[in-house]
Structures are given as C-alpha cells and as structure tokens.
>>> print(open('structure-v9.txt').read())   # compact mmCIF, C-alpha atoms
# COMPACT_ATOMS: atom_id res chain seq x y z
CA MET A 930 129.37 93.80 116.74
CA SER A 931 128.22 96.46 114.29
CA LEU A 932 125.38 95.33 112.05
CA LEU A 933 127.34 96.51 109.03
CA ARG A 934 129.87 93.77 109.78
CA ARG A 935 127.16 91.15 109.29
CA ARG A 936 127.34 89.99 105.70
CA ASP A 937 123.61 89.56 105.14
CA PHE A 938 122.66 92.89 106.69
CA LEU A 939 125.37 94.69 104.73
CA LEU A 940 123.87 93.26 101.54
CA ILE A 941 120.37 94.35 102.59
CA PHE A 942 121.68 97.81 103.52
CA GLY A 943 123.39 98.16 100.14
CA ALA A 944 120.32 96.95 98.26
CA PHE A 945 118.06 99.35 100.19
CA ALA A 946 120.39 102.30 99.60
CA LEU A 947 120.67 101.54 95.88
CA SER A 948 116.91 101.09 95.62
CA ALA A 949 116.27 104.45 97.32
CA LEU A 950 118.85 106.15 95.12
CA GLY A 951 117.32 104.64 91.98
CA ASP A 952 113.80 105.65 93.03
CA TYR A 953 114.77 109.29 93.43
CA VAL A 954 116.87 109.32 90.25
CA ALA A 955 113.89 107.96 88.31
CA LEU A 956 111.41 110.34 89.95
CA ILE A 957 113.42 113.48 89.25
CA THR A 958 114.43 112.40 85.74
CA LEU A 959 110.89 111.51 84.74
CA THR A 960 109.47 114.66 86.31
CA LEU A 961 111.89 116.81 84.34
CA ARG A 962 111.19 114.93 81.11
CA VAL A 963 107.40 115.06 81.46
CA GLN A 964 107.51 118.76 82.36
CA GLU A 965 109.72 119.60 79.39
CA THR A 966 107.68 117.43 76.99
CA THR A 967 104.20 118.61 78.00
CA GLY A 968 104.58 121.79 80.03
CA SER A 969 101.56 120.51 81.95
CA GLY A 970 101.21 120.43 85.72
CA TRP A 971 98.47 117.83 85.31
CA ALA A 972 100.88 115.51 83.50
CA VAL A 973 103.44 115.88 86.30
CA ALA A 974 100.74 115.23 88.90
CA ALA A 975 99.63 112.13 86.98
CA LEU A 976 103.23 110.89 86.98
CA LEU A 977 103.46 111.30 90.75
CA LEU A 978 100.15 109.50 91.26
CA THR A 979 101.16 106.51 89.12
CA GLY A 980 103.96 105.86 91.58
CA LEU A 981 101.84 106.37 94.70
CA VAL A 982 98.72 104.43 93.75
CA PRO A 983 100.01 100.83 93.29
CA PRO A 984 101.09 100.27 96.94
CA VAL A 985 97.62 101.41 97.98
CA LEU A 986 95.64 99.31 95.51
CA LEU A 987 97.83 96.22 95.74
CA ALA A 988 98.64 96.18 99.47
CA PRO A 989 96.68 92.99 100.29
CA VAL A 990 97.94 91.09 97.23
CA ALA A 991 101.54 92.26 97.54
CA GLY A 992 101.67 91.39 101.23
CA LEU A 993 100.24 87.92 100.63
CA LEU A 994 102.77 87.35 97.85
CA VAL A 995 105.61 88.21 100.25
CA ASP A 996 104.27 85.88 102.96
CA ARG A 997 103.34 82.93 100.73
CA LEU A 998 106.53 82.75 98.61
CA GLU A 999 110.21 82.62 99.57
CA THR A 1000 111.06 86.27 100.20
CA VAL A 1001 114.56 86.45 98.69
CA ARG A 1002 113.30 84.94 95.44
CA VAL A 1003 110.44 87.46 95.35
CA LEU A 1004 112.91 90.33 95.77
CA VAL A 1005 115.25 89.09 93.03
CA VAL A 1006 112.48 88.51 90.48
CA THR A 1007 110.83 91.85 91.27
CA ALA A 1008 114.10 93.77 90.96
CA LEU A 1009 114.82 92.21 87.55
CA LEU A 1010 111.31 93.08 86.35
CA GLN A 1011 111.80 96.64 87.58
CA ALA A 1012 115.09 96.80 85.66
CA ALA A 1013 113.25 95.81 82.48
CA VAL A 1014 110.58 98.47 83.10
CA ALA A 1015 113.20 101.15 83.75
CA ALA A 1016 115.04 100.19 80.54
CA ALA A 1017 111.77 100.43 78.60
CA MET A 1018 111.25 103.90 80.06
CA ALA A 1019 114.61 104.98 78.68
CA LEU A 1020 113.43 104.07 75.20
CA THR A 1021 109.91 105.48 75.56
CA PRO A 1022 109.78 109.30 75.72
CA GLU A 1023 106.02 109.53 75.03
CA VAL A 1024 103.95 110.61 78.02
CA PHE A 1025 101.18 108.01 78.16
CA PRO A 1026 103.47 104.96 77.86
CA THR A 1027 105.69 106.59 80.49
CA LEU A 1028 102.74 106.83 82.86
CA GLY A 1029 101.94 103.16 82.34
CA LEU A 1030 105.54 102.13 82.94
CA SER A 1031 105.70 104.35 86.03
CA PHE A 1032 102.68 102.49 87.36
CA LEU A 1033 104.53 99.19 86.83
CA LEU A 1034 107.52 100.53 88.76
CA GLY A 1035 105.09 101.37 91.56
CA VAL A 1036 103.82 97.78 91.46
CA GLY A 1037 107.39 96.63 92.06
CA LEU A 1038 107.73 99.04 94.97
CA ALA A 1039 104.52 97.66 96.47
CA VAL A 1040 106.27 94.28 96.70
CA THR A 1041 109.87 95.19 97.53
CA GLN A 1042 109.16 97.44 100.54
CA PRO A 1043 107.26 94.89 102.64
CA ALA A 1044 109.56 92.10 101.45
CA LEU A 1045 112.72 93.83 102.66
CA PHE A 1046 111.24 94.69 106.04
CA ALA A 1047 109.76 91.21 106.49
CA LEU A 1048 113.16 89.70 105.76
CA LEU A 1049 115.10 92.04 108.05
CA PRO A 1050 114.73 90.15 111.38
CA ARG A 1051 116.07 86.99 109.73
CA ALA A 1052 119.30 88.82 108.90
CA VAL A 1053 119.91 90.66 112.19
CA GLY A 1054 117.94 88.80 114.86
CA GLU A 1055 114.76 89.93 116.56
CA ASP A 1056 116.64 91.80 119.29
CA ARG A 1057 118.41 94.17 116.87
CA THR A 1058 115.62 95.23 114.55
CA THR A 1059 115.54 98.78 115.94
CA GLN A 1060 119.21 99.28 115.08
CA ALA A 1061 118.64 97.73 111.65
CA ASN A 1062 115.65 99.98 110.97
CA ALA A 1063 117.78 103.00 111.93
CA PHE A 1064 120.48 102.02 109.42
CA LEU A 1065 117.89 101.53 106.68
CA GLU A 1066 116.34 104.92 107.40
CA VAL A 1067 119.78 106.51 107.04
CA ALA A 1068 120.24 104.64 103.75
CA ARG A 1069 116.87 105.86 102.50
CA TRP A 1070 117.58 109.50 103.28
CA GLY A 1071 121.05 109.19 101.84
CA GLY A 1072 119.39 108.15 98.59
CA ALA A 1073 116.89 110.99 98.95
CA ALA A 1074 119.73 113.49 99.29
CA ALA A 1075 121.95 112.14 96.51
CA GLY A 1076 119.28 111.02 94.03
CA PRO A 1077 117.93 114.42 92.89
CA VAL A 1078 121.41 115.89 92.46
CA LEU A 1079 122.64 112.83 90.55
CA ALA A 1080 119.52 112.80 88.36
CA ALA A 1081 119.91 116.49 87.47
CA VAL A 1082 123.62 116.14 86.63
CA LEU A 1083 123.21 112.95 84.59
CA SER A 1084 120.16 114.24 82.72
CA GLU A 1085 121.87 117.48 81.80
CA THR A 1086 125.10 115.73 80.78
CA PHE A 1087 123.88 112.55 79.08
CA GLY A 1088 120.14 113.03 78.62
CA ALA A 1089 117.09 111.48 80.29
CA GLY A 1090 117.33 108.21 78.35
CA SER A 1091 120.85 107.45 79.53
CA THR A 1092 119.95 108.40 83.09
CA LEU A 1093 117.01 106.00 83.07
CA LEU A 1094 119.26 103.25 81.71
CA ALA A 1095 121.60 103.92 84.64
CA ASN A 1096 118.57 103.62 86.91
CA ALA A 1097 117.79 100.23 85.33
CA GLY A 1098 121.34 99.25 86.28
CA THR A 1099 120.61 99.99 89.94
CA PHE A 1100 117.75 97.46 89.88
CA VAL A 1101 120.07 94.85 88.38
CA ALA A 1102 122.59 95.61 91.14
CA VAL A 1103 119.85 95.21 93.75
CA ALA A 1104 118.94 91.81 92.29
CA VAL A 1105 122.60 90.73 92.43
CA LEU A 1106 123.05 91.86 96.03
CA VAL A 1107 119.85 90.20 97.22
CA SER A 1108 120.69 86.95 95.42
CA MET A 1109 123.90 86.77 97.47
CA LEU A 1110 121.99 86.59 100.77
CA ARG A 1111 122.41 83.43 102.80
CA VAL A 1112 119.32 84.09 104.87
CA ARG A 1113 115.98 82.78 103.64
CA ARG A 1114 112.38 83.41 104.69
CA ARG A 1115 110.23 80.52 103.57
CA PRO A 1116 106.45 80.52 104.07
CA GLU A 1117 104.98 78.54 106.91
CA PRO A 1118 102.75 75.60 105.88
CA GLN A 1119 99.06 76.46 105.87
CA PRO A 1120 97.08 74.57 108.53
CA GLU A 1121 93.93 72.65 107.70
CA GLY A 1122 90.94 74.92 107.53
CA ALA A 1123 93.03 77.95 106.54
CA PRO A 1124 90.97 80.71 104.89
CA ALA A 1125 90.83 81.15 101.13
CA PRO A 1126 93.43 83.47 99.51
CA ARG A 1127 91.12 86.47 99.84
CA GLY A 1128 90.79 85.81 103.56
CA GLN A 1129 94.53 85.26 103.89
CA ALA A 1130 95.19 88.60 102.21
CA ARG A 1131 93.15 90.30 104.94
CA GLU A 1132 94.89 88.57 107.84
CA GLY A 1133 97.41 91.37 108.32
CA LEU A 1134 94.61 93.94 108.57
CA VAL A 1135 92.64 91.70 110.95
CA PHE A 1136 95.68 91.22 113.19
CA ILE A 1137 96.37 94.97 113.39
CA ALA A 1138 92.69 95.72 114.04
CA ARG A 1139 92.61 93.26 116.96
CA GLU A 1140 95.93 94.35 118.49
CA PRO A 1141 95.21 97.37 120.74
CA LEU A 1142 98.57 99.08 120.37
CA LEU A 1143 98.84 98.70 116.59
CA ARG A 1144 95.17 99.59 116.19
CA LEU A 1145 96.09 102.95 117.71
CA VAL A 1146 99.48 103.79 116.20
CA VAL A 1147 99.03 102.65 112.58
CA PRO A 1148 96.08 104.98 111.77
CA MET A 1149 97.75 107.65 113.87
CA VAL A 1150 100.83 107.59 111.64
CA GLY A 1151 98.55 107.84 108.59
CA LEU A 1152 96.97 111.03 109.94
CA MET A 1153 100.39 112.49 110.68
CA VAL A 1154 101.50 111.80 107.10
CA VAL A 1155 98.50 113.76 105.79
CA PHE A 1156 99.63 116.83 107.73
CA ALA A 1157 103.32 116.30 106.94
CA ALA A 1158 102.66 116.05 103.20
CA ALA A 1159 100.64 119.28 103.31
CA ASP A 1160 103.63 120.85 105.02
CA ASN A 1161 105.89 119.64 102.18
CA VAL A 1162 103.75 121.38 99.55
CA ALA A 1163 103.85 124.68 101.46
CA GLU A 1164 107.58 124.66 102.23
CA VAL A 1165 108.80 126.07 98.92
CA PHE A 1166 106.35 129.01 99.12
CA PHE A 1167 107.14 129.55 102.79
CA ALA A 1168 110.90 129.66 102.15
CA LYS A 1169 110.77 131.90 99.08
CA ASP A 1170 107.76 134.15 99.69
CA VAL A 1171 107.60 134.42 103.49
CA LEU A 1172 111.24 134.03 104.53
CA SER A 1173 112.62 135.57 101.30
CA ALA A 1174 115.32 132.89 101.39
CA GLY A 1175 115.43 132.20 97.64
CA ASP A 1176 116.17 128.88 95.97
CA THR A 1177 119.33 128.31 97.98
CA GLY A 1178 117.59 129.06 101.25
CA TYR A 1179 114.81 126.63 100.36
CA GLY A 1180 117.38 123.95 99.56
CA VAL A 1181 119.14 124.52 102.87
CA LEU A 1182 115.83 124.29 104.73
CA ILE A 1183 114.93 120.94 103.17
CA THR A 1184 118.45 119.61 103.63
CA THR A 1185 118.30 120.60 107.30
CA TRP A 1186 115.17 118.52 107.81
CA THR A 1187 116.89 115.58 106.10
CA ILE A 1188 119.95 115.96 108.33
CA GLY A 1189 117.66 116.02 111.34
CA MET A 1190 116.01 112.79 110.19
CA VAL A 1191 119.39 111.09 109.80
CA MET A 1192 120.41 112.26 113.27
CA GLY A 1193 117.10 111.13 114.77
CA SER A 1194 117.24 107.74 113.07
CA THR A 1195 120.80 107.21 114.27
CA ALA A 1196 119.89 108.19 117.83
CA ALA A 1197 116.87 105.88 117.78
CA GLY A 1198 119.03 102.95 116.68
CA ARG A 1199 121.52 103.57 119.48
CA PHE A 1200 119.33 104.56 122.40
CA LEU A 1201 115.70 103.55 121.81
CA THR A 1202 114.78 100.50 123.91
CA PRO A 1203 111.90 98.14 123.09
CA ALA A 1204 109.84 99.61 125.91
CA GLN A 1205 110.27 103.10 124.44
CA LEU A 1206 109.12 102.28 120.89
CA ALA A 1207 105.42 102.98 121.33
CA PRO A 1208 105.92 106.13 123.48
CA ALA A 1209 108.29 107.48 120.82
CA VAL A 1210 105.70 106.95 118.08
CA VAL A 1211 102.94 108.78 119.96
CA ILE A 1212 104.95 111.53 121.73
CA LEU A 1213 107.57 112.60 119.16
CA PRO A 1214 104.94 114.01 116.72
CA ILE A 1215 104.06 116.58 119.38
CA ILE A 1216 107.64 117.84 119.31
CA GLY A 1217 107.92 117.70 115.52
CA GLY A 1218 104.59 119.46 114.98
CA ALA A 1219 105.40 122.14 117.53
CA ALA A 1220 108.72 122.79 115.78
CA VAL A 1221 106.91 123.44 112.49
CA VAL A 1222 104.46 125.81 114.21
CA VAL A 1223 107.32 127.77 115.80
CA ALA A 1224 109.12 127.99 112.45
CA ALA A 1225 105.96 129.27 110.72
CA THR A 1226 104.87 131.76 113.36
CA GLY A 1227 108.36 133.12 113.93
CA ALA A 1228 109.04 133.51 110.20
CA ILE A 1229 112.74 134.17 110.85
CA TYR A 1230 115.09 132.17 108.66
CA PRO A 1231 117.69 131.09 111.28
CA LEU A 1232 114.85 130.08 113.63
CA ALA A 1233 113.15 128.12 110.83
CA VAL A 1234 116.40 126.26 110.09
CA ALA A 1235 116.82 125.36 113.77
CA MET A 1236 113.21 124.20 114.06
CA PHE A 1237 113.47 122.12 110.89
CA LEU A 1238 116.45 120.35 112.44
CA VAL A 1239 114.37 119.60 115.56
CA GLY A 1240 111.37 118.50 113.48
CA GLY A 1241 113.47 116.25 111.28
CA PHE A 1242 115.08 114.68 114.36
CA ALA A 1243 111.67 113.89 115.88
CA ASN A 1244 110.43 112.53 112.55
CA GLY A 1245 113.44 110.23 112.23
CA VAL A 1246 112.97 108.76 115.72
CA GLU A 1247 109.24 108.27 115.12
CA LEU A 1248 109.70 106.42 111.81
CA VAL A 1249 112.30 104.04 113.24
CA GLY A 1250 110.07 103.45 116.24
CA MET A 1251 107.03 102.67 114.09
CA ARG A 1252 108.76 100.10 111.91
CA SER A 1253 110.47 98.50 114.88
CA LEU A 1254 107.12 98.33 116.67
CA LEU A 1255 105.66 96.41 113.74
CA HIS A 1256 108.58 93.99 113.92
CA ARG A 1257 108.02 93.52 117.65
CA ARG A 1258 104.25 93.08 117.59
CA VAL A 1259 103.52 91.25 114.34
CA PRO A 1260 104.33 87.52 114.03
CA ASP A 1261 106.75 86.55 111.28
CA ARG A 1262 104.16 84.78 109.12
CA LEU A 1263 102.13 88.02 108.78
CA ARG A 1264 104.89 90.59 108.43
CA GLY A 1265 104.67 90.89 104.66
CA ARG A 1266 100.97 91.68 104.89
CA ALA A 1267 101.40 94.02 107.87
CA PHE A 1268 104.18 96.06 106.27
CA SER A 1269 102.33 96.13 102.97
CA LEU A 1270 99.28 97.53 104.73
CA TYR A 1271 101.42 100.09 106.56
CA PHE A 1272 103.19 101.35 103.42
CA GLY A 1273 99.91 101.39 101.49
CA MET A 1274 98.34 103.51 104.21
CA VAL A 1275 101.28 105.94 104.09
CA GLN A 1276 100.94 106.28 100.32
CA ALA A 1277 97.18 106.79 100.60
CA ALA A 1278 97.77 109.55 103.14
CA GLN A 1279 100.20 111.25 100.76
CA ILE A 1280 97.64 111.10 97.95
CA VAL A 1281 94.99 112.70 100.17
CA ALA A 1282 97.40 115.43 101.26
CA LEU A 1283 98.48 116.21 97.71
CA GLY A 1284 94.83 116.48 96.73
CA VAL A 1285 93.98 119.13 99.33
CA SER A 1286 97.23 120.90 100.21
CA GLY A 1287 97.59 122.85 96.97
CA GLY A 1288 94.17 124.40 97.47
CA LEU A 1289 94.98 125.08 101.12
CA VAL A 1290 98.12 126.99 100.16
CA GLU A 1291 96.13 129.03 97.66
CA ALA A 1292 93.33 129.78 100.14
CA ALA A 1293 95.23 130.26 103.41
CA GLY A 1294 98.77 131.03 102.29
CA ALA A 1295 101.98 129.12 102.86
CA ARG A 1296 102.56 130.37 106.40
CA MET A 1297 99.09 129.44 107.66
CA THR A 1298 99.31 126.08 105.88
CA MET A 1299 102.52 125.39 107.77
CA VAL A 1300 100.82 126.32 111.05
CA ILE A 1301 97.87 124.04 110.28
CA ALA A 1302 100.18 121.19 109.31
CA GLY A 1303 102.33 121.51 112.42
CA ALA A 1304 99.39 122.00 114.79
CA GLY A 1305 97.56 119.07 113.22
CA THR A 1306 100.58 116.80 113.65
CA ALA A 1307 100.99 117.86 117.27
CA ALA A 1308 97.25 117.37 117.93
CA VAL A 1309 97.41 113.83 116.57
CA GLY A 1310 100.31 113.20 118.94
CA VAL A 1311 98.42 114.61 121.93
CA VAL A 1312 95.32 112.50 121.23
CA GLY A 1313 97.50 109.47 120.54
CA THR A 1314 99.37 109.91 123.82
CA PHE A 1315 96.07 110.15 125.73
CA LEU A 1316 94.69 107.00 124.08
CA PHE A 1317 98.00 105.18 124.56
CA ALA A 1318 97.86 105.87 128.30
CA ARG A 1319 94.40 104.22 128.40
CA ILE A 1320 95.69 100.92 126.97
CA PRO A 1321 96.32 98.42 129.79
CA SER A 1322 100.02 98.21 130.56
CA GLY A 1323 100.17 94.52 129.76
CA GLU A 1324 98.88 95.14 126.23
CA ARG A 1325 101.34 97.90 125.38
CA ARG A 1326 104.56 96.18 126.41
CA THR A 1327 107.07 95.66 123.61
CA THR A 1328 109.92 94.08 125.54
CA GLU A 1329 109.53 90.58 124.10
CA PRO A 1330 110.07 90.10 120.35
CA ALA A 1331 107.67 88.03 118.30
CA SER A 1332 108.90 84.48 117.75
CA VAL A 1333 110.73 83.73 114.52
CA PRO A 1334 112.36 80.54 113.25
CA PRO A 1335 116.16 80.59 112.95
CA TRP A 1336 117.57 81.69 109.61
CA VAL A 1337 118.11 79.03 107.01
CA PRO A 1338 121.31 79.24 104.93
CA ALA A 1339 121.10 78.93 101.19
>>> encode(input="structure-v9.txt", output="structure tokens")
Amino acid sequence: MSLLRRRDFLLIFGAFALSALGDYVALITLTLRVQETTGSGWAVAALLLTGLVPPVLLAPVAGLLVDRLETVRVLVVTALLQAAVAAAMALTPEVFPTLGLSFLLGVGLAVTQPALFALLPRAVGEDRTTQANAFLEVARWGGAAAGPVLAAVLSETFGAGSTLLANAGTFVAVAVLVSMLRVRRRPEPQPEGAPAPRGQAREGLVFIAREPLLRLVVPMVGLMVVFAAADNVAEVFFAKDVLSAGDTGYGVLITTWTIGMVMGSTAAGRFLTPAQLAPAVVILPIIGGAAVVVAATGAIYPLAVAMFLVGGFANGVELVGMRSLLHRRVPDRLRGRAFSLYFGMVQAAQIVALGVSGGLVEAAGARMTMVIAGAGTAAVGVVGTFLFARIPSGERRTTEPASVPPWVPA
C-alpha cells in the first residue's frame, strides 16, 4: 500500500510540504524587504544568519525537548508560536525587530525538524522509513521550487506584509494537520540514576560518538555540506559569467539540480535497501562531486545542465540514505536528540561555507570555486568509503531496524 494512503503519513507529508513552502516564502519575502529597505548586503547576510544559527545553538535543548515531551503536542504548540511570530513580522517592517523575529522562527525550526523525523517511524513503521524519507524529501524540494516564485508574485501583487500574513497561515495549517494525527510519541520513563538534564541533552551526541558507523557518516555529511554550500555561492557567477547563460540559464541550471534531487529521492525510496543505506551515503558524494567538477572544467552549458542533473540525483539519494540510516541506527528514545544534532551540524556547515565561499569566489573565480567544491565533495566520499570499508561488517549492518513501541492512538 502506498504510504500516501496512510492517513497519518499523509498528514505528516502535507504538514512537511506546507512548512517547507512557508519557510521559502518567508525567506524570499524577508530578503526582498530587507534589501529594499536597507540596500545593505550585511543586513541580508544578518537575516540569513538569524535563521541558520538557532538550530546550531539550541540543538541539545531542542532535541531533549522533543524526546522528553509528547512529540505531537510539541509540534502543534511550536507551529502556533511560529504563526504568531510570522504575523508579527508582517506588522514589523523595521530591520532590527525583523532580525529578532527571524531568530525566533529559527528557534521553531530547531524544534520542528527533529520532532517530525522522530515521529515518522510511528506513522509508517520502522520497515518503511526509507520510503517515507524519500516522500518528505520530494515535499521539501517541491516547497523549495514553489516558494520563491509564490513569494515574488505575492509580494509584488499584495506587498510583503500580506505575504507574511499568508505565511503565518501556513503555520496555522501545519498545526491543524498535526493535531489530527492519531499516532503519538510519548517519552519513555526515566530510569533511576538517569543523568541530569544537561547529561540527557548530550546523550544523542554520546550515542553517535560511540556508534562506529554514525561516528563516520555524520561528520562526513557535515564536510560535504561545507563544499556544497560553497558551490551554491559560485553557481550564479558560473552560470552568468563563465557560461554566459544569463538569468534564465542560471534558473534552468538550479532547477535542473532540484529535479535531479527529486528523481534521486524517489529512486532511493523505491530501490534503496537497508543494507545499501550506508554505502549510498559514502559513495554517492563521489559521483555528485565528480559531476560538479566535469561541469566546471567543461564550461559548456548543455554539459553543465546534464552534470547538474547527475549531481542532484546523487545528492537526493545521499540525503534520503542519511536520514534513513539515523532512523535505523538510533533508538527511538534518542531520535529527537540525534536528529537535532544532525540538523544543527548541517546548519553549522552552511554558516562556515557562507563565511568563506564569498572570498573564495573573489580570489579564485567562480569556475575554480566550483572545481574546488566538487573535488572536495568527491574527496570526502573517497576517504569516507575507505574508512567505511575498515569498519567490521557486523558493526555496519543496517538490516534490522531499531526497536520502537507500537503507535498509540489518540
């Protein structure tokens, strides 16, 4: 039976898609408003950072909150608070209050991301988490594709304030959808002698550090994100200055990568077996990185489009594999903390890349930056594959899902 025929997963899918759409609508709308109000690149950079920083700073606390409270209730309350913040943004055009409110939206994201992924196995069963992760990746990139266009049209037609009010409505809709879930994820009772809250907040990190496979792949993904984000900064200059493709050509290039990710995510959900999750995470970056290098060195627009499709496909498979691997290897009681740590690491990697990639483009040029980004990604994959092969076979198996209590109806 298709997962989309399961009531609870359909609700989660809809909530995730709406959340992704709202995130991109808010990002583009706020970026346009801050740029028009201040004309300052620093102000735009500050806006981007206010959304990236909270999942990094609050990862231990957010993960513990997800694991120590009933997850559906956490999602509903957080979505309603985000709706209130988004509505306040609509009524607050000044830059500094906007930055503060953007930070609060990021706080909500720090909670909702690990909460949704911790809840997922309860809705679909442990044996179908790879398929579920593939659907959610498609939903995310659907929001990424539609959000900027919708934000631009709404802002131009109705103004930024009305667009942000519409974004607040998406958070309310998410709260409604999540509240309709029958599945529940209640915290397990704490045994006698359990560590203090600070120690509990670190349990996800401790588990990953002691688990040989996760100890390898989680930092590896962080390094890959650093190179990928540097690639993202260079792409607009590469498309317009090196390929002479213009604005439309740049848009097609980015859309092609997105299409590749959707295709890769879909293929991963249909064909990736539990035993193939870890190999996909360590090997696919070699293919994706090599595709970027070929696109940059060839500097021919049709070749670049083809290579971006290949790179996006590999990226989509790798992301689905990574999240599914966390579901397979991390016990249910720690999943909020593990996913919070993972998403915080990804955001931290993006911050690092944004801090250095602009200077790299200026110093080395867009084409060389693309080569460095692709070669770096591939190198991480090569080293990761070598280290993966050194892990004893019994410690890298992912055929048996972690145990999870049956779902509890509302």
>>> atom_distance(input="structure-v9.txt", atom1="CA of Val1311 in chain A", atom2="CA of Val1222 in chain A")
14.9 Å
>>> residues_around(input="structure-v9.txt", residues="Met1190 in chain A", least_positions_apart="4", cutoff="8 Å", atoms="all atoms listed in the file", output="PDB file with C-alpha atoms, in the coordinates of the input")
ATOM      1  CA  VAL A1067     119.780 106.510 107.040  1.00  0.00           C
ATOM      2  CA  TRP A1070     117.580 109.500 103.280  1.00  0.00           C
ATOM      3  CA  TRP A1186     115.170 118.520 107.810  1.00  0.00           C
ATOM      4  CA  SER A1194     117.240 107.740 113.070  1.00  0.00           C
ATOM      5  CA  LEU A1238     116.450 120.350 112.440  1.00  0.00           C
ATOM      6  CA  GLY A1241     113.470 116.250 111.280  1.00  0.00           C
ATOM      7  CA  PHE A1242     115.080 114.680 114.360  1.00  0.00           C
ATOM      8  CA  ALA A1243     111.670 113.890 115.880  1.00  0.00           C
ATOM      9  CA  ASN A1244     110.430 112.530 112.550  1.00  0.00           C
ATOM     10  CA  GLY A1245     113.440 110.230 112.230  1.00  0.00           C
ATOM     11  CA  VAL A1246     112.970 108.760 115.720  1.00  0.00           C
TER      12      VAL A1246
END
>>> closest_atom_pairs(input="structure-v9.txt", of="range 1244-1295 of chain A", to="range 1040-1049 of chain A", cutoff="9 Å", atoms="all atoms listed in the file", output="Markdown table")
| residue | atom | partner | partner_atom | distance |
| --- | --- | --- | --- | --- |
| A:Arg1252 | CA | A:Phe1046 | CA | 8.4 |
| A:His1256 | CA | A:Ala1047 | CA | 8.0 |
| A:Asp1261 | CA | A:Ala1047 | CA | 7.3 |
| A:Arg1262 | CA | A:Ala1047 | CA | 8.9 |
| A:Leu1263 | CA | A:Ala1047 | CA | 8.6 |
| A:Arg1264 | CA | A:Ala1047 | CA | 5.3 |
| A:Gly1265 | CA | A:Pro1043 | CA | 5.2 |
| A:Arg1266 | CA | A:Pro1043 | CA | 7.4 |
| A:Ala1267 | CA | A:Pro1043 | CA | 7.9 |
| A:Phe1268 | CA | A:Pro1043 | CA | 4.9 |
| A:Ser1269 | CA | A:Pro1043 | CA | 5.1 |
| A:Leu1270 | CA | A:Pro1043 | CA | 8.7 |
| A:Tyr1271 | CA | A:Pro1043 | CA | 8.7 |
| A:Phe1272 | CA | A:Pro1043 | CA | 7.7 |
